[in-house]
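Colleague: Handing over entry.pdb, PDB, C-alpha atoms, pLDDT in the B column.
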ATOM      1  CA  MET A 536       0.000   0.000   0.000  1.00 37.00           C
ATOM      2  CA  SER A 537       2.875   2.406   0.766  1.00 41.00           C
ATOM      3  CA  ASP A 538       4.268   1.940  -2.763  1.00 52.00           C
ATOM      4  CA  SER A 539       0.823   2.616  -4.215  1.00 49.00           C
ATOM      5  CA  ARG A 540       0.410   5.740  -2.095  1.00 51.00           C
ATOM      6  CA  GLY A 541       3.833   6.924  -3.212  1.00 47.00           C
ATOM      7  CA  SER A 542       2.931   6.391  -6.853  1.00 65.00           C
ATOM      8  CA  VAL A 543      -0.253   8.424  -6.475  1.00 66.00           C
ATOM      9  CA  ASP A 544       1.680  11.198  -4.738  1.00 74.00           C
ATOM     10  CA  THR A 545       4.111  11.216  -7.668  1.00 74.00           C
ATOM     11  CA  ILE A 546       1.225  11.724 -10.095  1.00 68.00           C
ATOM     12  CA  LYS A 547      -0.169  14.550  -7.979  1.00 66.00           C
ATOM     13  CA  ALA A 548       3.189  16.314  -7.858  1.00 69.00           C
ATOM     14  CA  PHE A 549       3.641  15.907 -11.607  1.00 66.00           C
ATOM     15  CA  LEU A 550       0.233  17.335 -12.466  1.00 66.00           C
ATOM     16  CA  ARG A 551       0.815  20.303 -10.164  1.00 66.00           C
ATOM     17  CA  SER A 552       4.004  21.090 -12.097  1.00 65.00           C
ATOM     18  CA  SER A 553       2.066  22.291 -15.203  1.00 69.00           C
ATOM     19  CA  PRO A 554       3.838  19.962 -17.670  1.00 71.00           C
ATOM     20  CA  ASP A 555       3.880  20.385 -21.425  1.00 76.00           C
ATOM     21  CA  SER A 556       2.791  17.573 -23.747  1.00 77.00           C
ATOM     22  CA  GLN A 557       6.311  16.200 -24.246  1.00 80.00           C
ATOM     23  CA  GLN A 558       6.910  16.060 -20.497  1.00 80.00           C
ATOM     24  CA  THR A 559       3.557  14.349 -20.039  1.00 81.00           C
ATOM     25  CA  THR A 560       4.470  11.687 -22.587  1.00 84.00           C
ATOM     26  CA  GLU A 561       7.817  11.039 -20.928  1.00 79.00           C
ATOM     27  CA  PHE A 562       6.180  10.818 -17.503  1.00 76.00           C
ATOM     28  CA  TYR A 563       3.644   8.212 -18.588  1.00 72.00           C
ATOM     29  CA  ASP A 564       6.307   6.229 -20.407  1.00 77.00           C
ATOM     30  CA  THR A 565       8.099   5.990 -17.070  1.00 75.00           C
ATOM     31  CA  CYS A 566       5.104   5.367 -14.800  1.00 72.00           C
ATOM     32  CA  CYS A 567       2.804   3.408 -17.098  1.00 67.00           C
ATOM     33  CA  GLU A 568       3.024   0.100 -15.217  1.00 71.00           C
ATOM     34  CA  MET A 569       1.254   1.607 -12.204  1.00 73.00           C
ATOM     35  CA  TYR A 570      -1.356   3.520 -14.188  1.00 73.00           C
ATOM     36  CA  ASP A 571      -4.386   1.259 -13.745  1.00 75.00           C
ATOM     37  CA  GLN A 572      -3.743   0.863 -10.032  1.00 79.00           C
ATOM     38  CA  ASP A 573      -3.229   4.599  -9.620  1.00 75.00           C
ATOM     39  CA  ALA A 574      -6.460   5.329 -11.512  1.00 81.00           C
ATOM     40  CA  GLU A 575      -8.337   3.105  -9.088  1.00 81.00           C
ATOM     41  CA  LEU A 576      -6.759   4.767  -6.046  1.00 77.00           C
ATOM     42  CA  LEU A 577      -7.679   8.179  -7.441  1.00 82.00           C
ATOM     43  CA  ASN A 578     -11.296   7.002  -7.905  1.00 84.00           C
ATOM     44  CA  TYR A 579     -11.028   7.930 -11.584  1.00 89.00           C
ATOM     45  CA  ARG A 580     -14.498   7.557 -13.132  1.00 93.00           C
ATOM     46  CA  GLY A 581     -13.917   9.037 -16.589  1.00 94.00           C
ATOM     47  CA  PRO A 582     -14.231   5.831 -18.678  1.00 95.00           C
ATOM     48  CA  ASP A 583     -17.447   4.721 -16.990  1.00 95.00           C
ATOM     49  CA  LEU A 584     -18.987   8.182 -17.345  1.00 96.00           C
ATOM     50  CA  GLY A 585     -18.233   8.221 -21.060  1.00 96.00           C
ATOM     51  CA  VAL A 586     -19.651   4.745 -21.653  1.00 95.00           C
ATOM     52  CA  ASP A 587     -22.805   5.517 -19.686  1.00 95.00           C
ATOM     53  CA  CYS A 588     -23.429   8.634 -21.783  1.00 94.00           C
ATOM     54  CA  LEU A 589     -22.828   6.722 -25.013  1.00 94.00           C
ATOM     55  CA  LEU A 590     -25.235   3.950 -24.058  1.00 93.00           C
ATOM     56  CA  SER A 591     -28.013   6.389 -23.270  1.00 91.00           C
ATOM     57  CA  ASN A 592     -27.776   7.821 -26.805  1.00 91.00           C
ATOM     58  CA  PHE A 593     -26.736   4.825 -28.905  1.00 90.00           C
ATOM     59  CA  SER A 594     -28.806   2.354 -30.879  1.00 86.00           C
ATOM     60  CA  GLY A 595     -27.437  -0.309 -33.161  1.00 87.00           C
ATOM     61  CA  ARG A 596     -25.325  -3.432 -33.108  1.00 93.00           C
ATOM     62  CA  ARG A 597     -22.476  -2.666 -30.743  1.00 95.00           C
ATOM     63  CA  GLU A 598     -20.312  -5.504 -32.008  1.00 96.00           C
ATOM     64  CA  GLU A 599     -20.215  -3.898 -35.478  1.00 96.00           C
ATOM     65  CA  VAL A 600     -19.337  -0.373 -34.341  1.00 96.00           C
ATOM     66  CA  GLN A 601     -15.904   1.038 -35.229  1.00 97.00           C
ATOM     67  CA  VAL A 602     -14.494   2.929 -32.219  1.00 98.00           C
ATOM     68  CA  LEU A 603     -11.590   5.384 -32.219  1.00 98.00           C
ATOM     69  CA  ASP A 604     -10.219   5.654 -28.678  1.00 98.00           C
ATOM     70  CA  VAL A 605      -8.065   8.797 -28.542  1.00 98.00           C
ATOM     71  CA  GLY A 606      -5.674   9.179 -25.631  1.00 96.00           C
ATOM     72  CA  CYS A 607      -6.372   5.514 -25.012  1.00 96.00           C
ATOM     73  CA  GLY A 608      -3.687   5.061 -22.362  1.00 93.00           C
ATOM     74  CA  SER A 609      -3.634   1.544 -20.977  1.00 94.00           C
ATOM     75  CA  GLY A 610      -7.023   0.673 -22.437  1.00 96.00           C
ATOM     76  CA  LEU A 611      -9.450   1.543 -19.637  1.00 96.00           C
ATOM     77  CA  VAL A 612     -12.052   2.944 -22.048  1.00 97.00           C
ATOM     78  CA  ALA A 613     -11.901  -0.074 -24.362  1.00 98.00           C
ATOM     79  CA  LYS A 614     -12.237  -2.377 -21.357  1.00 97.00           C
ATOM     80  CA  ALA A 615     -15.357  -0.548 -20.186  1.00 97.00           C
ATOM     81  CA  MET A 616     -16.857  -0.518 -23.687  1.00 98.00           C
ATOM     82  CA  SER A 617     -16.048  -4.179 -24.316  1.00 97.00           C
ATOM     83  CA  GLU A 618     -17.959  -5.110 -21.167  1.00 97.00           C
ATOM     84  CA  VAL A 619     -21.158  -3.798 -22.766  1.00 96.00           C
ATOM     85  CA  GLY A 620     -20.639  -5.352 -26.193  1.00 96.00           C
ATOM     86  CA  PHE A 621     -18.357  -3.124 -28.269  1.00 97.00           C
ATOM     87  CA  ARG A 622     -15.661  -5.092 -30.089  1.00 97.00           C
ATOM     88  CA  ASN A 623     -13.753  -3.019 -32.652  1.00 98.00           C
ATOM     89  CA  PHE A 624     -11.203  -0.528 -31.353  1.00 98.00           C
ATOM     90  CA  VAL A 625      -8.419   1.613 -32.757  1.00 98.00           C
ATOM     91  CA  GLY A 626      -6.330   3.323 -30.087  1.00 98.00           C
ATOM     92  CA  VAL A 627      -4.155   6.433 -30.294  1.00 98.00           C
ATOM     93  CA  ASP A 628      -1.806   7.700 -27.597  1.00 96.00           C
ATOM     94  CA  GLY A 629       1.375   9.735 -27.281  1.00 94.00           C
ATOM     95  CA  SER A 630       3.048   7.313 -24.860  1.00 93.00           C
ATOM     96  CA  LYS A 631       4.708   4.202 -26.231  1.00 93.00           C
ATOM     97  CA  GLY A 632       4.668   2.631 -22.775  1.00 93.00           C
ATOM     98  CA  MET A 633       0.933   3.104 -22.428  1.00 92.00           C
ATOM     99  CA  LEU A 634       0.315   1.666 -25.885  1.00 96.00           C
ATOM    100  CA  GLU A 635       2.267  -1.431 -24.878  1.00 95.00           C
ATOM    101  CA  LEU A 636      -0.129  -1.868 -21.965  1.00 95.00           C
ATOM    102  CA  ALA A 637      -3.113  -1.307 -24.251  1.00 96.00           C
ATOM    103  CA  GLU A 638      -1.811  -3.991 -26.590  1.00 97.00           C
ATOM    104  CA  LYS A 639      -1.769  -6.495 -23.722  1.00 96.00           C
ATOM    105  CA  THR A 640      -5.541  -6.119 -23.319  1.00 96.00           C
ATOM    106  CA  GLY A 641      -6.079  -7.825 -26.686  1.00 98.00           C
ATOM    107  CA  LEU A 642      -8.958  -5.439 -27.396  1.00 98.00           C
ATOM    108  CA  TYR A 643      -7.454  -3.214 -30.089  1.00 98.00           C
ATOM    109  CA  GLN A 644      -7.239  -4.071 -33.777  1.00 98.00           C
ATOM    110  CA  HIS A 645      -4.755  -1.234 -34.278  1.00 98.00           C
ATOM    111  CA  LEU A 646      -2.698   1.001 -31.976  1.00 98.00           C
ATOM    112  CA  ARG A 647      -1.071   4.178 -33.221  1.00 98.00           C
ATOM    113  CA  LEU A 648       1.574   6.386 -31.609  1.00 97.00           C
ATOM    114  CA  ALA A 649       1.142  10.137 -32.076  1.00 96.00           C
ATOM    115  CA  LEU A 650       1.799  13.251 -30.008  1.00 93.00           C
ATOM    116  CA  LEU A 651      -1.399  15.090 -30.859  1.00 94.00           C
ATOM    117  CA  GLY A 652      -1.153  18.789 -31.429  1.00 92.00           C
ATOM    118  CA  THR A 653       2.354  18.251 -32.772  1.00 92.00           C
ATOM    119  CA  GLU A 654       1.444  15.383 -35.102  1.00 95.00           C
ATOM    120  CA  PRO A 655      -1.882  14.936 -36.901  1.00 96.00           C
ATOM    121  CA  LEU A 656      -4.439  12.464 -35.614  1.00 98.00           C
ATOM    122  CA  PRO A 657      -3.567   9.177 -37.406  1.00 97.00           C
ATOM    123  CA  ALA A 658      -7.103   8.335 -38.481  1.00 97.00           C
ATOM    124  CA  ASP A 659      -8.993   8.378 -41.763  1.00 96.00           C
ATOM    125  CA  THR A 660     -11.659  11.027 -42.302  1.00 96.00           C
ATOM    126  CA  ASP A 661     -15.336   9.982 -41.995  1.00 97.00           C
ATOM    127  CA  MET A 662     -14.336   6.538 -40.726  1.00 97.00           C
ATOM    128  CA  PHE A 663     -15.528   5.840 -37.175  1.00 98.00           C
ATOM    129  CA  ASP A 664     -18.985   5.290 -35.735  1.00 97.00           C
ATOM    130  CA  VAL A 665     -17.777   6.436 -32.303  1.00 98.00           C
ATOM    131  CA  VAL A 666     -14.844   8.691 -31.449  1.00 98.00           C
ATOM    132  CA  ILE A 667     -14.171   8.920 -27.733  1.00 98.00           C
ATOM    133  CA  LEU A 668     -11.624  10.909 -25.753  1.00 98.00           C
ATOM    134  CA  VAL A 669     -11.577  10.503 -21.987  1.00 97.00           C
ATOM    135  CA  GLY A 670      -9.414  12.421 -19.536  1.00 91.00           C
ATOM    136  CA  ALA A 671      -6.857  13.974 -21.899  1.00 93.00           C
ATOM    137  CA  LEU A 672      -8.553  17.289 -22.626  1.00 94.00           C
ATOM    138  CA  ALA A 673      -6.358  19.245 -20.243  1.00 91.00           C
ATOM    139  CA  PRO A 674      -3.284  21.475 -20.291  1.00 90.00           C
ATOM    140  CA  GLY A 675      -0.168  19.475 -21.056  1.00 88.00           C
ATOM    141  CA  PHE A 676      -2.126  16.626 -22.622  1.00 92.00           C
ATOM    142  CA  ILE A 677      -4.142  17.209 -25.815  1.00 94.00           C
ATOM    143  CA  PRO A 678      -4.614  20.772 -27.094  1.00 95.00           C
ATOM    144  CA  VAL A 679      -8.062  22.135 -27.884  1.00 97.00           C
ATOM    145  CA  SER A 680      -7.241  22.300 -31.606  1.00 96.00           C
ATOM    146  CA  VAL A 681      -7.383  18.495 -31.817  1.00 97.00           C
ATOM    147  CA  VAL A 682     -11.156  18.503 -31.211  1.00 98.00           C
ATOM    148  CA  ARG A 683     -11.766  19.326 -34.879  1.00 97.00           C
ATOM    149  CA  GLU A 684      -9.662  16.338 -35.900  1.00 98.00           C
ATOM    150  CA  LEU A 685     -11.842  14.112 -33.723  1.00 98.00           C
ATOM    151  CA  CYS A 686     -14.914  15.378 -35.536  1.00 98.00           C
ATOM    152  CA  GLN A 687     -13.287  14.783 -38.907  1.00 97.00           C
ATOM    153  CA  ALA A 688     -12.513  11.170 -37.986  1.00 98.00           C
ATOM    154  CA  ALA A 689     -16.150  10.410 -37.165  1.00 98.00           C
ATOM    155  CA  ARG A 690     -18.388   9.241 -39.970  1.00 97.00           C
ATOM    156  CA  PRO A 691     -21.337  11.507 -40.864  1.00 97.00           C
ATOM    157  CA  GLY A 692     -23.972  10.755 -38.237  1.00 96.00           C
ATOM    158  CA  GLY A 693     -21.347   9.245 -35.915  1.00 96.00           C
ATOM    159  CA  LEU A 694     -20.888  10.108 -32.255  1.00 97.00           C
ATOM    160  CA  VAL A 695     -18.069  12.064 -30.621  1.00 98.00           C
ATOM    161  CA  CYS A 696     -17.812  11.694 -26.839  1.00 98.00           C
ATOM    162  CA  LEU A 697     -15.571  14.025 -24.823  1.00 98.00           C
ATOM    163  CA  VAL A 698     -14.989  13.432 -21.105  1.00 98.00           C
ATOM    164  CA  ARG A 699     -12.887  15.710 -18.925  1.00 96.00           C
ATOM    165  CA  GLY A 700     -12.331  16.652 -15.320  1.00 93.00           C
ATOM    166  CA  ASN A 701     -12.710  20.201 -14.074  1.00 92.00           C
ATOM    167  CA  HIS A 702      -9.191  20.472 -12.698  1.00 88.00           C
ATOM    168  CA  ARG A 703      -8.245  23.458 -10.592  1.00 84.00           C
ATOM    169  CA  GLY A 704      -5.737  26.145 -11.469  1.00 86.00           C
ATOM    170  CA  ALA A 705      -5.352  29.078 -13.839  1.00 89.00           C
ATOM    171  CA  ASP A 706      -4.067  26.951 -16.733  1.00 90.00           C
ATOM    172  CA  SER A 707      -7.059  24.621 -16.447  1.00 91.00           C
ATOM    173  CA  ASP A 708      -9.459  27.551 -16.252  1.00 93.00           C
ATOM    174  CA  ARG A 709      -8.038  29.023 -19.461  1.00 95.00           C
ATOM    175  CA  TYR A 710      -8.146  25.647 -21.164  1.00 95.00           C
ATOM    176  CA  ARG A 711     -11.793  25.135 -20.185  1.00 95.00           C
ATOM    177  CA  VAL A 712     -12.808  28.526 -21.585  1.00 97.00           C
ATOM    178  CA  GLU A 713     -10.940  27.854 -24.832  1.00 98.00           C
ATOM    179  CA  LEU A 714     -12.467  24.384 -25.142  1.00 97.00           C
ATOM    180  CA  HIS A 715     -16.031  25.545 -24.602  1.00 97.00           C
ATOM    181  CA  SER A 716     -15.531  28.322 -27.152  1.00 98.00           C
ATOM    182  CA  GLU A 717     -14.253  25.835 -29.731  1.00 98.00           C
ATOM    183  CA  LEU A 718     -17.090  23.397 -29.090  1.00 98.00           C
ATOM    184  CA  TRP A 719     -19.591  26.207 -29.589  1.00 97.00           C
ATOM    185  CA  ARG A 720     -17.899  27.471 -32.761  1.00 97.00           C
ATOM    186  CA  MET A 721     -18.004  23.979 -34.261  1.00 97.00           C
ATOM    187  CA  GLU A 722     -21.688  23.653 -33.448  1.00 97.00           C
ATOM    188  CA  GLU A 723     -22.427  27.075 -34.925  1.00 97.00           C
ATOM    189  CA  ALA A 724     -20.503  26.073 -38.070  1.00 96.00           C
ATOM    190  CA  GLY A 725     -22.751  23.059 -38.527  1.00 96.00           C
ATOM    191  CA  LEU A 726     -20.007  20.468 -38.002  1.00 97.00           C
ATOM    192  CA  TRP A 727     -21.973  18.626 -35.322  1.00 98.00           C
ATOM    193  CA  SER A 728     -24.931  18.921 -32.969  1.00 97.00           C
ATOM    194  CA  LEU A 729     -24.936  18.524 -29.201  1.00 97.00           C
ATOM    195  CA  LEU A 730     -26.862  15.489 -27.997  1.00 96.00           C
ATOM    196  CA  GLY A 731     -26.306  16.178 -24.339  1.00 93.00           C
ATOM    197  CA  THR A 732     -24.003  16.970 -21.467  1.00 94.00           C
ATOM    198  CA  ASN A 733     -23.674  15.030 -18.221  1.00 94.00           C
ATOM    199  CA  HIS A 734     -22.211  16.506 -15.064  1.00 93.00           C
ATOM    200  CA  CYS A 735     -20.543  14.411 -12.381  1.00 92.00           C
ATOM    201  CA  ASP A 736     -19.705  15.741  -8.918  1.00 91.00           C
ATOM    202  CA  ARG A 737     -17.121  13.018  -8.258  1.00 91.00           C
ATOM    203  CA  TYR A 738     -14.940  12.598 -11.316  1.00 92.00           C
ATOM    204  CA  MET A 739     -11.720  11.831  -9.441  1.00 91.00           C
ATOM    205  CA  ILE A 740      -9.787  12.879  -6.348  1.00 86.00           C
ATOM    206  CA  ASP A 741      -8.399  16.394  -6.650  1.00 86.00           C
ATOM    207  CA  THR A 742      -4.702  15.963  -7.486  1.00 76.00           C
ATOM    208  CA  HIS A 743      -3.921  19.566  -6.568  1.00 71.00           C
ATOM    209  CA  LEU A 744      -4.513  18.999  -2.867  1.00 64.00           C
ATOM    210  CA  SER A 745      -1.894  17.088  -0.939  1.00 49.00           C
ATOM    211  CA  GLN A 746      -3.629  15.999   2.267  1.00 52.00           C
ATOM    212  CA  GLN A 747      -5.454  12.722   2.670  1.00 54.00           C
ATOM    213  CA  GLY A 748      -9.233  12.801   2.499  1.00 50.00           C
ATOM    214  CA  GLU A 749      -9.129  15.149  -0.498  1.00 55.00           C
ATOM    215  CA  PRO A 750     -12.365  16.349  -2.045  1.00 85.00           C
ATOM    216  CA  PHE A 751     -13.242  15.278  -5.542  1.00 91.00           C
ATOM    217  CA  ILE A 752     -13.176  17.426  -8.638  1.00 91.00           C
ATOM    218  CA  SER A 753     -16.242  17.447 -10.842  1.00 93.00           C
ATOM    219  CA  GLY A 754     -16.331  16.210 -14.422  1.00 95.00           C
ATOM    220  CA  MET A 755     -18.259  16.753 -17.618  1.00 96.00           C
ATOM    221  CA  VAL A 756     -19.277  14.602 -20.572  1.00 97.00           C
ATOM    222  CA  HIS A 757     -20.122  16.215 -23.926  1.00 97.00           C
ATOM    223  CA  LEU A 758     -21.735  14.034 -26.590  1.00 98.00           C
ATOM    224  CA  TYR A 759     -22.053  15.226 -30.181  1.00 98.00           C
ATOM    225  CA  ARG A 760     -23.445  13.783 -33.396  1.00 97.00           C
ATOM    226  CA  LYS A 761     -21.482  14.684 -36.512  1.00 98.00           C
ATOM    227  CA  SER A 762     -23.576  16.365 -39.160  1.00 97.00           C
ATOM    228  CA  MET A 763     -24.539  14.312 -42.194  1.00 91.00           C
ATOM    229  CA  HIS A 764     -23.254  17.050 -44.477  1.00 78.00           C
ATOM    230  CA  PRO A 765     -20.778  19.020 -42.341  1.00 60.00           C
ATOM    231  CA  SER A 766     -19.525  22.368 -43.551  1.00 55.00           C
ATOM    232  CA  THR A 767     -15.873  22.558 -44.521  1.00 49.00           C
TER     233      THR A 767
END
Spell out the structure here as structure tokens.
Modeller:
Amino acid sequence: MSDSRGSVDTIKAFLRSSPDSQQTTEFYDTCCEMYDQDAELLNYRGPDLGVDCLLSNFSGRREEVQVLDVGCGSGLVAKAMSEVGFRNFVGVDGSKGMLELAEKTGLYQHLRLALLGTEPLPADTDMFDVVILVGALAPGFIPVSVVRELCQAARPGGLVCLVRGNHRGADSDRYRVELHSELWRMEEAGLWSLLGTNHCDRYMIDTHLSQQGEPFISGMVHLYRKSMHPST
């Protein structure tokens, strides 16, 4: 338990350091083996929140759906989706170490390494029935500009699910404002339509507070349907 507590404390300290995307990738390459255990200790609910929102708005044969899991990490989202019948996954992440863990799940047909924001999203346009990104819409992870690439990867009529925690701090506040502005601009441009938003009071333990018994941060799920004839 002491090793686990130390690992969680390391994550907290790292996130408080305001890393850039390259530093984030290097960190997760180093600490990837403890990721799933750390996520459990932090009461991280992002994958389950995303899947619950998808299920409430999805109809069709889940085993035939093509899913693009962006920022897939060790495969927590694919695991949660596979438990309710989804079978076809392509994963993208910036950390080679995390992709190696995702490969061990046996759930992904393809895994692709890319540092998003620096490199383009390695996915065909108009390809996926579901595009899902959980937990990586934050400073130092995936920049807001990548949201348009997620929409482009979805097929017309496909779903795009975005799940993020409302982390504390000035950088996170700026990121949240920029993200919401971009989401609104894309809706106004006719690229997609909002199906719904879900709010969660307990998304994960607040990593910016050091004492035990920390309060939780809240989280938000945004679910969009890509327009059948999106504007360019």
Colleague: CA of Ala613 in chain A and CA of Leu642 in chain A, how far apart in Å?
Modeller: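 Computing the Euclidean distance for CA of Leu642 in chain A and CA of Ala613 in chain A yields 6.8 Å.
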Colleague: Using all atoms listed in the file, which residue out of A:Ala705, A:Met739, A:Leu672, A:Leu589 lies closest to Val619 in chain A?
Modeller: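 Looking at the shortest contact to Val619 in chain A, the residue is A:Leu589.
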Colleague: List the residues matched by the PyMOL selection byres ((chain A and resi 754) around 6) in the displayed structure as a count of residues only, ordered by chain and then by residue number.
Modeller: 8
Colleague: Evaluate the PyMOL selection byres ((chain A and resi 673-690) around 7) here and jot the selected residues down as an MDAnalysis selection string.
Modeller: chainID A and resid 553:556 559 651:652 656 658:666 671:672 691:695 706:707 710 714 761
Colleague: Specify as a VMD selection string each residue included when the PyMOL selection byres ((chain A and resi 620) around 10) is applied to this file.
Modeller: chain A and resid 596 to 600 615 to 619 621 to 623
Colleague: Interatomic distance between CA of Asp583 in chain A and CA of Arg647 in chain A?
Modeller: 23.1 Å
Colleague: Residues within 9 Å of Leu729 in chain A, please, as a list in words. Count all atoms listed in the file; anything in the same chain fewer than 6 positions from it doesn't count.
Modeller: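 Once the adjacent positions are removed, what remains is Glu722, His757, Leu758, Tyr759, Arg760 and Lys761 of chain A.
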Colleague: Rank A:Met569, A:Leu668, A:Leu577, A:Leu646 by their smallest atom-to-atom distance to Val756 in chain A, using all atoms listed in the file, and report the top residue only.
Modeller: A:Leu668
Colleague: Give me the residues within 12 Å of Gly610 in chain A as a PyMOL selection string, counting only C-alpha atoms and dropping any in the same chain fewer than 3 places off.
Modeller: chain A and resi 567+570-571+574+582+603-607+613-617+624-628+632-643+646+668-669
Colleague: Write to file, as a short mmCIF file (atom, residue, chain, number, x, y, z; two decimals), in the coordinates of the input, the residues of the selection just made, with C-alpha atoms.
Modeller:
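Result file selection06.cif:
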data_model
loop_
_atom_site.label_atom_id
_atom_site.label_comp_id
_atom_site.auth_asym_id
_atom_site.auth_seq_id
_atom_site.Cartn_x
_atom_site.Cartn_y
_atom_site.Cartn_z
CA CYS A 567 2.80 3.41 -17.10
CA TYR A 570 -1.36 3.52 -14.19
CA ASP A 571 -4.39 1.26 -13.74
CA ALA A 574 -6.46 5.33 -11.51
CA PRO A 582 -14.23 5.83 -18.68
CA LEU A 603 -11.59 5.38 -32.22
CA ASP A 604 -10.22 5.65 -28.68
CA VAL A 605 -8.06 8.80 -28.54
CA GLY A 606 -5.67 9.18 -25.63
CA CYS A 607 -6.37 5.51 -25.01
CA ALA A 613 -11.90 -0.07 -24.36
CA LYS A 614 -12.24 -2.38 -21.36
CA ALA A 615 -15.36 -0.55 -20.19
CA MET A 616 -16.86 -0.52 -23.69
CA SER A 617 -16.05 -4.18 -24.32
CA PHE A 624 -11.20 -0.53 -31.35
CA VAL A 625 -8.42 1.61 -32.76
CA GLY A 626 -6.33 3.32 -30.09
CA VAL A 627 -4.16 6.43 -30.29
CA ASP A 628 -1.81 7.70 -27.60
CA GLY A 632 4.67 2.63 -22.78
CA MET A 633 0.93 3.10 -22.43
CA LEU A 634 0.32 1.67 -25.88
CA GLU A 635 2.27 -1.43 -24.88
CA LEU A 636 -0.13 -1.87 -21.96
CA ALA A 637 -3.11 -1.31 -24.25
CA GLU A 638 -1.81 -3.99 -26.59
CA LYS A 639 -1.77 -6.50 -23.72
CA THR A 640 -5.54 -6.12 -23.32
CA GLY A 641 -6.08 -7.82 -26.69
CA LEU A 642 -8.96 -5.44 -27.40
CA TYR A 643 -7.45 -3.21 -30.09
CA LEU A 646 -2.70 1.00 -31.98
CA LEU A 668 -11.62 10.91 -25.75
CA VAL A 669 -11.58 10.50 -21.99
#
Colleague: Do you have the CA of Leu611 in chain A-CA of Thr560 in chain A distance handy?
Modeller: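 Rounded to one decimal, the two atoms are 17.5 Å apart.
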Colleague: Find the axis-aligned box for range 593-605 of chain A, covering all its listed atoms and adding 6 Å on each side, and write its centre and edge lengths in Å to one decimal as lines of an AutoDock Vina configuration file.
Modeller:
center_x = -18.4
center_y = 1.6
center_z = -32.0
size_x = 32.7
size_y = 26.3
size_z = 18.9
